[in-house]
$ cat work.cif   # mmCIF, C-alpha atoms and all ligand atoms
data_query
#
loop_
_atom_site.label_atom_id
_atom_site.label_comp_id
_atom_site.auth_asym_id
_atom_site.auth_seq_id
_atom_site.Cartn_x
_atom_site.Cartn_y
_atom_site.Cartn_z
CA MET A 117 -16.62 36.89 31.07
CA LEU A 118 -16.00 33.83 28.94
CA ALA A 119 -13.36 34.38 26.26
CA ILE A 120 -15.82 33.19 23.61
CA PHE A 121 -17.94 36.27 24.49
CA GLY A 122 -14.96 38.62 24.48
CA GLY A 123 -13.49 38.09 27.97
CA ASN A 124 -9.85 37.33 28.77
CA PRO A 125 -8.83 33.73 28.15
CA VAL A 126 -7.58 31.66 31.10
CA ILE A 127 -4.58 30.51 29.03
CA ALA A 128 -3.56 33.61 27.12
CA ASN A 129 0.03 32.51 26.61
CA LYS A 130 0.16 29.90 23.85
CA GLU A 131 3.79 29.12 24.76
CA LEU A 132 2.54 27.27 27.84
CA HIS A 133 1.73 24.34 25.56
CA GLY A 134 4.87 22.42 24.67
CA HIS A 135 5.52 20.54 21.44
CA TYR A 136 4.71 16.85 21.29
CA PRO A 137 6.64 14.68 20.74
CA PRO A 138 9.51 16.54 22.40
CA ILE A 139 12.60 16.66 20.19
CA GLY A 140 15.60 16.69 22.51
CA ILE A 141 19.31 15.93 22.45
CA SER A 142 18.76 12.19 22.41
CA GLU A 143 16.44 12.33 19.37
CA ARG A 144 18.95 14.53 17.51
CA GLN A 145 21.88 12.30 18.43
CA ARG A 146 20.10 9.12 17.36
CA ILE A 147 19.02 10.63 14.02
CA SER A 148 22.56 11.98 13.42
CA ALA A 149 23.99 8.55 14.16
CA VAL A 150 21.78 7.07 11.43
CA LEU A 151 22.82 9.74 8.94
CA ASP A 152 26.49 9.25 9.87
CA SER A 153 26.22 5.49 9.46
CA GLY A 154 24.68 5.74 5.99
CA ILE A 155 22.42 2.78 6.86
CA LEU A 156 18.97 4.21 6.29
CA TRP A 157 16.68 1.22 5.97
CA GLY A 158 16.17 -2.51 6.04
CA PRO A 159 14.34 -4.74 8.50
CA TRP A 160 17.65 -5.99 9.87
CA ALA A 161 19.34 -2.60 10.11
CA PRO A 162 20.89 -1.89 13.54
CA MET A 163 18.48 0.68 14.99
CA THR A 164 15.48 -1.33 13.81
CA ARG A 165 16.88 -4.47 15.45
CA GLU A 166 17.72 -2.59 18.63
CA LEU A 167 14.17 -1.24 18.81
CA GLU A 168 12.74 -4.74 18.32
CA GLN A 169 15.02 -6.25 20.96
CA LYS A 170 14.37 -3.51 23.51
CA TRP A 171 10.60 -3.60 22.98
CA ALA A 172 10.48 -7.41 23.19
CA GLU A 173 12.49 -7.28 26.42
CA ARG A 174 10.38 -4.53 27.93
CA THR A 175 7.11 -6.20 26.94
CA GLY A 176 8.32 -9.60 28.12
CA VAL A 177 7.86 -11.49 24.84
CA SER A 178 10.23 -13.56 22.75
CA HIS A 179 9.58 -11.78 19.43
CA CYS A 180 9.02 -8.25 18.21
CA ALA A 181 8.75 -7.11 14.59
CA ALA A 182 9.09 -3.42 13.71
CA LEU A 183 6.73 -2.29 10.95
CA ASN A 184 5.82 0.97 9.30
CA SER A 185 2.46 1.49 11.09
CA GLY A 186 0.19 0.19 13.79
CA THR A 187 -2.30 -0.74 11.09
CA ALA A 188 0.37 -2.89 9.41
CA ALA A 189 1.04 -4.51 12.81
CA LEU A 190 -2.67 -5.32 13.21
CA HIS A 191 -2.87 -6.66 9.64
CA CYS A 192 0.18 -8.89 10.25
CA ALA A 193 -1.18 -9.98 13.66
CA LEU A 194 -4.46 -11.14 12.10
CA ALA A 195 -2.74 -12.84 9.16
CA GLY A 196 -0.18 -14.30 11.58
CA CYS A 197 -3.06 -15.99 13.44
CA GLY A 198 -4.24 -17.42 10.12
CA VAL A 199 -7.43 -15.32 9.93
CA LYS A 200 -8.76 -15.65 6.38
CA VAL A 201 -11.52 -14.78 3.94
CA GLY A 202 -14.96 -15.43 5.40
CA ASP A 203 -13.76 -15.73 9.00
CA GLU A 204 -15.36 -13.52 11.62
CA VAL A 205 -13.36 -11.43 14.07
CA ILE A 206 -14.86 -9.83 17.16
CA VAL A 207 -13.84 -6.20 17.68
CA PRO A 208 -15.08 -3.41 19.96
CA ALA A 209 -17.70 -1.12 18.42
CA TYR A 210 -15.86 1.95 19.71
CA SER A 211 -12.25 2.40 18.59
CA PHE A 212 -10.15 3.90 15.82
CA ILE A 213 -11.21 2.66 12.37
CA ALA A 214 -7.96 0.68 11.84
CA THR A 215 -9.04 -1.85 14.49
CA ALA A 216 -11.88 -2.86 12.17
CA SER A 217 -10.32 -2.16 8.77
CA ALA A 218 -7.39 -4.47 9.54
CA VAL A 219 -9.99 -7.26 9.77
CA LEU A 220 -11.26 -6.34 6.29
CA MET A 221 -7.67 -6.40 5.01
CA VAL A 222 -7.46 -10.16 5.57
CA GLY A 223 -10.88 -10.63 3.96
CA ALA A 224 -12.56 -11.36 7.29
CA ILE A 225 -15.70 -9.75 8.67
CA PRO A 226 -15.68 -7.59 11.79
CA ILE A 227 -18.36 -8.47 14.30
CA PHE A 228 -18.80 -5.54 16.64
CA VAL A 229 -19.39 -5.86 20.36
CA ASP A 230 -20.37 -2.97 22.61
CA ILE A 231 -18.08 -1.44 25.21
CA GLN A 232 -18.32 -0.98 28.97
CA PRO A 233 -19.57 2.48 29.96
CA GLU A 234 -16.90 3.12 32.61
CA THR A 235 -13.78 1.89 30.84
CA GLY A 236 -14.61 2.24 27.14
CA ASN A 237 -13.18 -1.24 26.59
CA ILE A 238 -14.95 -4.18 24.97
CA ASN A 239 -17.56 -5.67 27.30
CA PRO A 240 -16.51 -9.30 27.92
CA ASP A 241 -20.03 -10.15 29.08
CA LEU A 242 -21.28 -9.50 25.53
CA VAL A 243 -18.50 -11.30 23.67
CA GLU A 244 -19.71 -14.86 23.97
CA ALA A 245 -23.09 -14.09 22.38
CA ALA A 246 -21.27 -12.77 19.29
CA ILE A 247 -19.28 -15.97 18.71
CA THR A 248 -20.38 -18.19 15.79
CA ASP A 249 -18.79 -21.20 14.12
CA LYS A 250 -17.02 -18.73 11.80
CA THR A 251 -15.34 -16.76 14.58
CA LYS A 252 -11.56 -17.05 14.48
CA ALA A 253 -10.30 -14.29 16.75
CA ILE A 254 -11.12 -11.58 19.24
CA VAL A 255 -9.38 -8.23 18.98
CA THR A 256 -9.42 -6.18 22.15
CA VAL A 257 -8.29 -2.56 22.35
CA HIS A 258 -6.76 -1.14 25.53
CA LEU A 259 -8.66 2.05 24.89
CA HIS A 260 -6.92 5.33 25.70
CA GLY A 261 -4.33 3.38 27.70
CA LEU A 262 -6.52 1.42 30.15
CA PRO A 263 -5.99 -2.35 29.83
CA ALA A 264 -9.09 -4.38 28.94
CA ASP A 265 -10.44 -7.25 31.08
CA MET A 266 -7.86 -9.72 29.81
CA GLU A 267 -8.57 -12.49 32.29
CA GLN A 268 -12.19 -12.81 31.16
CA LEU A 269 -11.29 -12.40 27.50
CA ARG A 270 -8.56 -15.05 27.73
CA ALA A 271 -10.98 -17.49 29.34
CA ILE A 272 -13.54 -16.92 26.55
CA ALA A 273 -10.86 -17.28 23.84
CA GLN A 274 -9.62 -20.53 25.41
CA ARG A 275 -13.11 -21.94 25.82
CA HIS A 276 -13.92 -21.37 22.14
CA GLN A 277 -10.39 -21.97 20.79
CA LEU A 278 -10.08 -18.48 19.39
CA TYR A 279 -7.03 -16.32 18.93
CA LEU A 280 -6.87 -13.29 21.18
CA ILE A 281 -5.20 -10.18 19.75
CA GLU A 282 -4.39 -6.97 21.62
CA ASP A 283 -4.62 -3.64 19.80
CA CYS A 284 -2.10 -1.83 22.00
CA ALA A 285 -1.89 1.26 19.76
CA GLN A 286 -2.86 3.45 22.72
CA ALA A 287 -1.34 1.58 25.63
CA HIS A 288 2.47 1.39 25.52
CA GLY A 289 3.77 0.49 28.93
CA ALA A 290 0.35 -0.22 30.47
CA ILE A 291 0.43 -3.09 32.97
CA TYR A 292 -2.27 -5.65 33.74
CA GLN A 293 -1.85 -8.05 36.68
CA GLY A 294 1.88 -7.36 36.67
CA LYS A 295 2.42 -8.00 32.95
CA ALA A 296 2.82 -5.58 30.08
CA VAL A 297 0.10 -5.22 27.48
CA GLY A 298 1.26 -6.85 24.26
CA SER A 299 2.23 -9.97 26.22
CA LEU A 300 -1.25 -10.88 27.48
CA SER A 301 -2.59 -12.60 24.38
CA ASP A 302 -1.44 -14.42 21.24
CA VAL A 303 -0.15 -11.23 19.66
CA GLY A 304 -0.03 -7.49 20.32
CA ALA A 305 0.05 -4.59 17.85
CA PHE A 306 1.42 -1.16 18.81
CA SER A 307 1.33 2.09 16.85
CA LEU A 308 4.23 4.53 16.91
CA ASN A 309 2.49 7.44 15.21
CA ALA A 310 3.28 10.94 16.42
CA THR A 311 0.27 11.16 18.70
CA LYS A 312 1.21 8.08 20.67
CA VAL A 313 3.07 7.88 23.98
CA LEU A 314 5.90 6.17 22.08
CA ALA A 315 6.22 8.21 18.89
CA GLY A 316 8.23 7.03 15.87
CA PRO A 317 6.83 9.49 14.54
CA GLU A 318 5.28 6.71 12.44
CA GLY A 319 5.65 2.96 12.76
CA GLY A 320 4.33 -0.15 14.42
CA LEU A 321 5.53 -2.97 16.65
CA LEU A 322 4.18 -6.51 16.72
CA THR A 323 4.83 -8.59 19.85
CA THR A 324 4.30 -12.30 20.33
CA ASN A 325 5.61 -15.42 22.04
CA SER A 326 4.57 -17.58 19.10
CA ASP A 327 7.25 -18.57 16.58
CA ALA A 328 4.56 -19.36 13.98
CA ILE A 329 2.80 -15.96 14.29
CA PHE A 330 6.10 -14.12 14.25
CA ASN A 331 7.43 -15.99 11.21
CA ARG A 332 4.26 -15.34 9.21
CA ALA A 333 4.25 -11.67 10.20
CA ALA A 334 7.94 -11.25 9.43
CA LYS A 335 7.42 -12.69 5.93
CA MET A 336 4.35 -10.59 5.31
CA ARG A 337 6.40 -7.48 6.13
CA VAL A 338 8.68 -8.15 3.14
CA PHE A 339 6.51 -9.27 0.21
CA GLY A 340 5.97 -12.81 1.53
CA THR A 341 9.66 -13.58 1.17
CA GLU A 342 11.87 -15.26 3.75
CA TRP A 343 14.91 -13.53 5.18
CA HIS A 344 17.39 -14.40 7.85
CA GLU A 345 19.86 -11.96 9.42
CA GLY A 346 19.49 -9.52 6.54
CA LYS A 347 19.78 -12.11 3.76
CA GLN A 348 17.01 -13.39 1.55
CA ILE A 349 16.92 -17.16 1.86
CA VAL A 350 15.26 -18.07 -1.44
CA ARG A 351 14.22 -15.61 -4.14
CA ASP A 352 10.61 -16.69 -3.93
CA ALA A 353 7.36 -15.63 -2.24
CA ASP A 354 5.15 -18.36 -0.85
CA SER A 355 2.46 -16.10 0.59
CA LEU A 356 0.92 -12.68 0.01
CA GLY A 357 3.14 -10.01 1.45
CA TYR A 358 3.40 -6.24 1.51
CA ASN A 359 6.08 -3.66 2.04
CA TYR A 360 5.58 -3.01 5.73
CA ARG A 361 9.25 -2.25 6.48
CA THR A 362 10.09 0.60 8.76
CA ASN A 363 13.27 2.64 8.28
CA GLU A 364 16.25 3.55 10.43
CA LEU A 365 15.24 7.18 10.96
CA MET A 366 11.91 6.15 12.45
CA ALA A 367 13.48 3.40 14.54
CA ALA A 368 16.14 5.82 15.81
CA PHE A 369 13.53 8.38 16.80
CA ALA A 370 11.46 5.73 18.58
CA LEU A 371 14.56 4.49 20.43
CA ALA A 372 15.28 7.98 21.68
CA ARG A 373 11.68 8.36 22.80
CA LEU A 374 11.83 4.99 24.51
CA GLU A 375 14.60 6.33 26.78
CA SER A 376 12.12 8.91 28.13
CA LEU A 377 9.03 6.70 28.18
CA ASP A 378 9.07 5.88 31.89
CA SER A 379 9.89 9.36 33.14
CA GLU A 380 7.33 10.93 30.80
CA GLN A 381 4.75 8.30 31.75
CA GLU A 382 5.01 9.39 35.37
CA ILE A 383 4.41 13.01 34.45
CA ARG A 384 1.63 12.11 32.01
CA ILE A 385 -0.24 10.06 34.59
CA SER A 386 0.21 12.59 37.37
CA ASN A 387 -0.89 15.46 35.06
CA ALA A 388 -3.94 13.42 34.03
CA GLN A 389 -4.87 12.72 37.63
CA HIS A 390 -4.41 16.38 38.52
CA LEU A 391 -6.72 17.51 35.71
CA ILE A 392 -9.33 14.78 36.25
CA ASN A 393 -9.43 15.33 40.01
CA GLY A 394 -10.03 19.02 39.37
CA ILE A 395 -13.11 18.47 37.19
CA LYS A 396 -14.58 15.10 38.18
CA ASP A 397 -17.06 16.50 40.71
CA LEU A 398 -18.58 19.06 38.38
CA PRO A 399 -22.24 18.25 37.65
CA GLY A 400 -22.87 16.34 34.44
CA VAL A 401 -19.23 15.24 34.14
CA SER A 402 -18.09 11.65 34.19
CA VAL A 403 -14.49 10.58 33.86
CA PRO A 404 -12.88 7.17 33.32
CA PRO A 405 -11.65 5.27 36.37
CA LEU A 406 -8.40 6.83 37.53
CA GLN A 407 -7.08 3.50 38.71
CA VAL A 408 -8.42 -0.04 38.49
CA GLU A 409 -7.01 -2.38 41.11
CA ASP A 410 -5.12 -4.81 38.93
CA ARG A 411 -4.01 -2.51 36.10
CA ASN A 412 -2.69 0.95 35.41
CA HIS A 413 -4.08 3.58 33.03
CA ILE A 414 -1.36 5.30 31.00
CA PHE A 415 -3.74 8.00 29.67
CA GLN A 416 -3.03 8.07 25.95
CA MET A 417 -5.98 10.44 26.00
CA ILE A 418 -8.25 11.83 28.67
CA ARG A 419 -11.89 11.20 27.82
CA VAL A 420 -14.57 13.15 29.66
CA ARG A 421 -18.27 12.51 29.12
CA VAL A 422 -20.78 15.31 29.51
CA ASN A 423 -24.46 14.83 30.26
CA ALA A 424 -26.82 17.65 29.24
CA LYS A 425 -29.81 16.00 30.91
CA ILE A 426 -28.21 15.92 34.35
CA LEU A 427 -27.38 19.59 33.84
CA GLY A 428 -31.04 20.29 33.07
CA LEU A 429 -30.18 21.79 29.68
CA LYS A 430 -32.54 21.63 26.74
CA LEU A 431 -30.11 20.36 24.13
CA SER A 432 -28.55 16.95 23.55
CA SER A 433 -25.22 16.00 25.11
CA GLU A 434 -23.85 15.89 21.56
CA GLU A 435 -24.89 19.48 20.89
CA LEU A 436 -23.66 20.59 24.30
CA ARG A 437 -20.18 19.07 23.95
CA GLU A 438 -19.57 20.94 20.66
CA ARG A 439 -20.26 24.21 22.43
CA ILE A 440 -18.14 23.26 25.41
CA VAL A 441 -15.19 22.46 23.13
CA PHE A 442 -15.53 25.88 21.45
CA ALA A 443 -15.80 27.68 24.76
CA LEU A 444 -12.78 25.81 26.17
CA ALA A 445 -10.76 26.48 23.01
CA ALA A 446 -11.47 30.19 23.37
CA GLU A 447 -10.07 29.93 26.92
CA GLY A 448 -6.89 28.44 25.41
CA ALA A 449 -7.61 24.85 26.50
CA ASN A 450 -7.27 22.24 23.76
CA TRP A 451 -10.13 19.79 23.96
CA TRP A 452 -11.46 18.06 20.88
CA ILE A 453 -13.77 15.33 19.70
CA TRP A 454 -12.24 11.98 18.79
CA GLU A 455 -14.65 9.42 17.29
CA ARG A 456 -17.99 10.97 16.36
CA LYS A 457 -19.70 7.65 15.73
CA PRO A 458 -19.21 4.01 16.63
CA LEU A 459 -17.31 1.91 14.09
CA PRO A 460 -20.39 0.06 12.74
CA ALA A 461 -21.85 3.46 11.80
CA TYR A 462 -18.93 4.18 9.45
CA SER A 463 -20.10 4.37 5.83
CA ILE A 464 -17.97 1.38 4.88
CA PHE A 465 -20.21 -0.83 7.04
CA GLN A 466 -23.41 1.09 6.47
CA SER A 467 -23.12 0.65 2.70
CA LEU A 468 -23.45 -3.12 2.90
CA ASN A 469 -25.68 -3.01 -0.15
CA ALA A 470 -23.73 -0.38 -2.05
CA ASP A 471 -21.37 -1.17 -4.82
CA GLY A 472 -19.18 1.87 -5.18
CA ASP A 473 -15.50 2.67 -4.70
CA GLY A 474 -14.12 1.66 -1.37
CA TYR A 475 -16.58 -1.19 -1.08
CA PRO A 476 -14.67 -4.01 0.62
CA TRP A 477 -14.64 -7.22 -1.33
CA CYS A 478 -15.33 -9.38 1.72
CA LEU A 479 -18.48 -7.65 2.93
CA PRO A 480 -20.96 -9.24 0.49
CA GLN A 481 -20.62 -12.35 2.63
CA ALA A 482 -21.77 -10.34 5.61
CA ARG A 483 -24.85 -9.06 3.84
CA LYS A 484 -27.23 -11.80 4.82
CA ASN A 485 -26.35 -12.29 8.44
CA ILE A 486 -24.98 -9.13 9.89
CA SER A 487 -26.62 -5.93 10.95
CA TYR A 488 -24.36 -3.01 11.56
CA HIS A 489 -27.15 -0.95 13.06
CA PRO A 490 -25.51 1.61 15.42
CA GLY A 491 -28.44 1.21 17.82
CA ASN A 492 -27.21 -2.31 18.56
CA TYR A 493 -24.25 -0.73 20.36
CA PRO A 494 -25.90 1.74 22.75
CA VAL A 495 -22.87 2.39 24.97
CA SER A 496 -20.56 2.98 22.00
CA LEU A 497 -23.17 5.24 20.41
CA ALA A 498 -23.64 7.31 23.57
CA THR A 499 -19.88 7.52 24.23
CA SER A 500 -19.23 8.70 20.68
CA ARG A 501 -21.83 11.43 21.15
CA ASP A 502 -21.01 12.79 24.58
CA SER A 503 -17.21 12.55 24.98
CA ILE A 504 -14.56 15.21 24.71
CA PHE A 505 -10.83 14.57 24.72
CA THR A 506 -7.51 16.12 25.47
CA THR A 507 -3.84 15.20 25.38
CA ALA A 508 -2.80 18.41 27.11
CA HIS A 509 -1.48 16.28 30.00
CA PHE A 510 1.41 15.03 27.84
CA PRO A 511 4.85 16.24 28.86
CA PRO A 512 6.46 18.69 28.32
CA ASN A 513 3.20 20.21 29.63
CA THR A 514 3.23 20.73 33.36
CA ALA A 515 1.01 20.53 36.44
CA ASN A 516 0.73 24.35 36.27
CA LEU A 517 -0.90 24.07 32.88
CA MET A 518 -3.26 21.42 34.29
CA GLU A 519 -4.25 23.91 36.98
CA LEU A 520 -5.23 26.35 34.21
CA TYR A 521 -7.12 23.60 32.39
CA VAL A 522 -9.12 23.00 35.57
CA GLU A 523 -9.76 26.74 35.88
CA ALA A 524 -10.94 26.95 32.24
CA PHE A 525 -13.29 24.02 32.80
CA HIS A 526 -14.78 25.59 35.92
CA LYS A 527 -15.18 28.93 34.14
CA VAL A 528 -17.09 27.30 31.28
CA TRP A 529 -19.17 25.25 33.72
CA ALA A 530 -20.15 28.39 35.61
CA ASN A 531 -21.58 29.75 32.34
CA LEU A 532 -23.09 26.61 30.85
CA ASP A 533 -26.45 28.21 30.27
CA ALA A 534 -24.93 30.82 27.97
CA VAL A 535 -22.58 28.25 26.40
CA SER A 536 -25.52 26.00 25.60
CA LYS A 537 -27.08 28.84 23.59
CA LEU A 538 -24.04 29.34 21.33
CA PRO A 539 -25.30 29.19 17.74
CA ILE A 540 -23.29 26.27 16.39
CA LEU A 541 -24.41 24.27 13.38
CA LEU A 542 -23.68 20.60 12.94
CA ASN A 543 -23.77 18.97 9.54
CA GLU A 544 -24.33 15.25 9.08
CA ASN A 545 -20.63 14.50 9.63
CA GLY A 546 -20.68 16.38 12.87
CA ILE A 547 -18.45 19.16 11.52
CA GLN A 548 -19.12 22.32 13.47
CA LYS A 549 -19.73 25.72 11.93
CA PRO A 550 -19.38 28.33 14.62
CA PHE A 551 -21.66 31.31 14.33
C1 LIG W 601 -6.75 1.91 18.63
C2 LIG W 601 -5.90 2.13 17.41
N1 LIG W 601 -5.67 1.09 16.58
C3 LIG W 601 -4.89 1.22 15.50
C4 LIG W 601 -4.29 2.41 15.18
C5 LIG W 601 -3.49 2.53 13.92
O1 LIG W 601 -2.17 2.89 14.11
P1 LIG W 601 -1.36 3.64 12.95
O2 LIG W 601 -1.89 5.03 12.84
O3 LIG W 601 0.06 3.60 13.41
O4 LIG W 601 -1.56 2.85 11.70
C6 LIG W 601 -4.47 3.52 16.03
C7 LIG W 601 -3.79 4.80 15.79
O5 LIG W 601 -4.10 5.72 15.22
C8 LIG W 601 -5.32 3.37 17.16
O6 LIG W 601 -5.54 4.40 17.99
#

$ encode --input "work.cif" --output "structure tokens" --more "lines below"
Ligand SMILES: Cc1ncc(COP(=O)(O)O)c(C=O)c1O
Amino acid sequence: MLAIFGGNPVIANKELHGHYPPIGISERQRISAVLDSGILWGPWAPMTRELEQKWAERTGVSHCAALNSGTAALHCALAGCGVKVGDEVIVPAYSFIATASAVLMVGAIPIFVDIQPETGNINPDLVEAAITDKTKAIVTVHLHGLPADMEQLRAIAQRHQLYLIEDCAQAHGAIYQGKAVGSLSDVGAFSLNATKVLAGPEGGLLTTNSDAIFNRAAKMRVFGTEWHEGKQIVRDADSLGYNYRTNELMAAFALARLESLDSEQEIRISNAQHLINGIKDLPGVSVPPLQVEDRNHIFQMIRVRVNAKILGLKLSSEELRERIVFALAAEGANWWIWERKPLPAYSIFQSLNADGDGYPWCLPQARKNISYHPGNYPVSLATSRDSIFTTAHFPPNTANLMELYVEAFHKVWANLDAVSKLPILLNENGIQKPF
């Protein structure tokens, strides 16, 4: 019997799930070394510099700037490309909100483009139609760790003389045609928050081969002031800057995590493949491509789409996935729902005519020309309604746990009729109220 109806859960022992990010000897030693040194902060402090140098080397770029978040890295990347008030920036309609809000931060207007159904990445075939004489840049996201179609996107950017920016928040170490993400465009922005495969447990990294983009970003990180080797050059600010500095404790933690990135990546990918292979043939299930010829998927998350129609059930896929997540949770398997709506459906874009708090000062310019109707992005809309996610494949979790995840999935699938009748209420934000 399903655990949600009182049966025994497949994963009764909660200890089988390890803590992420793992905190081992290396993390403790690095943090102790910072405390012993007494140097706790500063963009030119030793651990911060070491992190920048190592990440630049690994990514294959000439410059890396460490920042205090991935959002800060995106903001600096856009400003570094000279994106300004009134410019338009093309972004995927399905991503984390920061991909779009960073565009608002420079006073520019996000123009959303739908994603590809299989990969979840921006659909290059739709990009060109979204370009206007105001377009300044394209931001692509390597969603959940699968690199986007960079060759096509680069060709479009070149043809229209646009900047191309990679949001690499979910794709550390992913490779496309032999090169690391973050080196495939004008500038890359990585997040180091605790959920990421390289956890800081907060922070960001900006990567670029452009001196001009790097210099602007580096200034913006410290109030628009210019520094060299830890010394302020002139006590003046010639551009708008912020405090986007990271600190030594975060850099030290990220450096320790970087030591394990490759070995953990192997386990993460093999766990993901194990789990996906175990469930991919179930009816009504579709999974992202395990491998695309010229790129690797590092599986920042596993996304599985469920289709109630194919299963012959009388509820929507959105209603079904809520029930599946509850049933799986009762079995001890952690699946959850990531984005419940595409980015253009977020209130900030829907309230184009509103005037309240949180109303972005640049959007009035969008009012006349831009429709943020979610129906314009059918693949993003469907994906946001029928996908469930897990990061249970992250080490220290093991292949044995993946086996149990597969078992839990099969158990729920064998009882889908009963699961589909679970009395769950959804409110307008999609928050579930069980029973
Ligand atoms: C695709 C994407 N972009 C940007 C961000 C923002 O990164 P951070 O949380 O470090 O600001 C995230 C992370 O949450 C993300 O997943």

$ axis_aligned_box --input "work.cif" --around "ligand LIG 601 (chain W)" --padding-each-side "8 Å" --output "AutoDock Vina command-line options"
--center_x -3.3 --center_y 3.4 --center_z 15.2 --size_x 22.8 --size_y 20.6 --size_z 22.9

$ residues_near_ligand --input "work.cif" --ligand "ligand LIG 601 (chain W)" --cutoff "7 Å" --atoms "all atoms listed in the file" --output "PyMOL selection string"
chain A and resi 185-188+211-212+214-215+257+259+283-286+307-309+318-320

$ residues_around --input "work.cif" --residues "A:Val338" --least-positions-apart "4" --cutoff "8 Å" --atoms "only C-alpha atoms" --output "list in words"
Ala334, Glu342, Gly357, Tyr358, Asn359, Tyr360 and Arg361 of chain A

$ residues_around --input "work.cif" --residues "A:Cys180" --least-positions-apart "2" --cutoff "9 Å" --atoms "all atoms listed in the file" --output "list in words"
Leu167, Glu168, Gln169, Lys170, Trp171, Ala172, Glu173, Val177, Ser178, Ala182, Leu321, Leu322, Thr323, Thr324, Asn325 and Phe330 of chain A

$ closest_residue --input "work.cif" --among "A:Lys200, A:Lys347, A:Ala216, A:Ala328" --to "A:Ala161" --atoms "all atoms listed in the file"
A:Lys347

$ atom_distance --input "work.cif" --atom1 "atom CA of A:Ser326" --atom2 "atom CA of A:Pro159"
19.3 Å

$ residues_around --input "work.cif" --residues "A:Tyr292" --least-positions-apart "5" --cutoff "7 Å" --atoms "all atoms listed in the file" --output "ChimeraX atom specification"
/A:263,297,410-412

$ closest_residue --input "work.cif" --among "A:Ala443, A:Ala296, A:Ala449, A:Val199" --to "A:Asn531" --atoms "all atoms listed in the file"
A:Ala443

$ atom_distance --input "work.cif" --atom1 "atom CA of A:Thr514" --atom2 "atom CA of A:His390"
10.2 Å

$ residues_around --input "work.cif" --residues "A:Pro399" --least-positions-apart "3" --cutoff "12 Å" --atoms "all atoms listed in the file" --output "compact mmCIF listing (two decimals) with C-alpha atoms, keeping the file's coordinate frame"
# COMPACT_ATOMS: atom_id res chain seq x y z
CA ILE A 395 -13.11 18.47 37.19
CA LYS A 396 -14.58 15.10 38.18
CA SER A 402 -18.09 11.65 34.19
CA VAL A 403 -14.49 10.58 33.86
CA ARG A 421 -18.27 12.51 29.12
CA VAL A 422 -20.78 15.31 29.51
CA ASN A 423 -24.46 14.83 30.26
CA ALA A 424 -26.82 17.65 29.24
CA LYS A 425 -29.81 16.00 30.91
CA ILE A 426 -28.21 15.92 34.35
CA LEU A 427 -27.38 19.59 33.84
CA GLY A 428 -31.04 20.29 33.07
CA LEU A 429 -30.18 21.79 29.68
CA PHE A 525 -13.29 24.02 32.80
CA HIS A 526 -14.78 25.59 35.92
CA TRP A 529 -19.17 25.25 33.72
CA ALA A 530 -20.15 28.39 35.61
CA LEU A 532 -23.09 26.61 30.85

$ residues_around --input "work.cif" --residues "A:Ala508" --least-positions-apart "2" --cutoff "10 Å" --atoms "only C-alpha atoms" --output "list in words"
His133, Gly134, Tyr136, Arg384, Asn387, Ala388, Leu391, Met417, Ile418, Ala449, Asn450, Trp451, Phe505, Thr506, Phe510, Pro511, Pro512, Asn513, Thr514, Leu517, Met518 and Tyr521 of chain A

$ write_last_selection --input "work.cif" --atoms "C-alpha atoms" --output "PDB file, in the coordinates of the input"
ATOM      1  CA  HIS A 133       1.730  24.340  25.560  1.00  0.00           C
ATOM      2  CA  GLY A 134       4.870  22.420  24.670  1.00  0.00           C
ATOM      3  CA  TYR A 136       4.710  16.850  21.290  1.00  0.00           C
ATOM      4  CA  ARG A 384       1.630  12.110  32.010  1.00  0.00           C
ATOM      5  CA  ASN A 387      -0.890  15.460  35.060  1.00  0.00           C
ATOM      6  CA  ALA A 388      -3.940  13.420  34.030  1.00  0.00           C
ATOM      7  CA  LEU A 391      -6.720  17.510  35.710  1.00  0.00           C
ATOM      8  CA  MET A 417      -5.980  10.440  26.000  1.00  0.00           C
ATOM      9  CA  ILE A 418      -8.250  11.830  28.670  1.00  0.00           C
ATOM     10  CA  ALA A 449      -7.610  24.850  26.500  1.00  0.00           C
ATOM     11  CA  ASN A 450      -7.270  22.240  23.760  1.00  0.00           C
ATOM     12  CA  TRP A 451     -10.130  19.790  23.960  1.00  0.00           C
ATOM     13  CA  PHE A 505     -10.830  14.570  24.720  1.00  0.00           C
ATOM     14  CA  THR A 506      -7.510  16.120  25.470  1.00  0.00           C
ATOM     15  CA  PHE A 510       1.410  15.030  27.840  1.00  0.00           C
ATOM     16  CA  PRO A 511       4.850  16.240  28.860  1.00  0.00           C
ATOM     17  CA  PRO A 512       6.460  18.690  28.320  1.00  0.00           C
ATOM     18  CA  ASN A 513       3.200  20.210  29.630  1.00  0.00           C
ATOM     19  CA  THR A 514       3.230  20.730  33.360  1.00  0.00           C
ATOM     20  CA  LEU A 517      -0.900  24.070  32.880  1.00  0.00           C
ATOM     21  CA  MET A 518      -3.260  21.420  34.290  1.00  0.00           C
ATOM     22  CA  TYR A 521      -7.120  23.600  32.390  1.00  0.00           C
TER      23      TYR A 521
END

$ closest_residue --input "work.cif" --among "A:His135, A:Gln277, A:Pro317, A:Ala290" --to "A:Glu364" --atoms "all atoms listed in the file"
A:Pro317

$ closest_residue --input "work.cif" --among "A:Gln293, A:Ser432, A:Ser536, A:Ser500" --to "A:Lys457" --atoms "only C-alpha atoms"
A:Ser500

$ closest_residue --input "work.cif" --among "A:Ile272, A:Ile440, A:Leu538, A:Ile281" --to "A:Ile329" --atoms "all atoms listed in the file"
A:Ile281
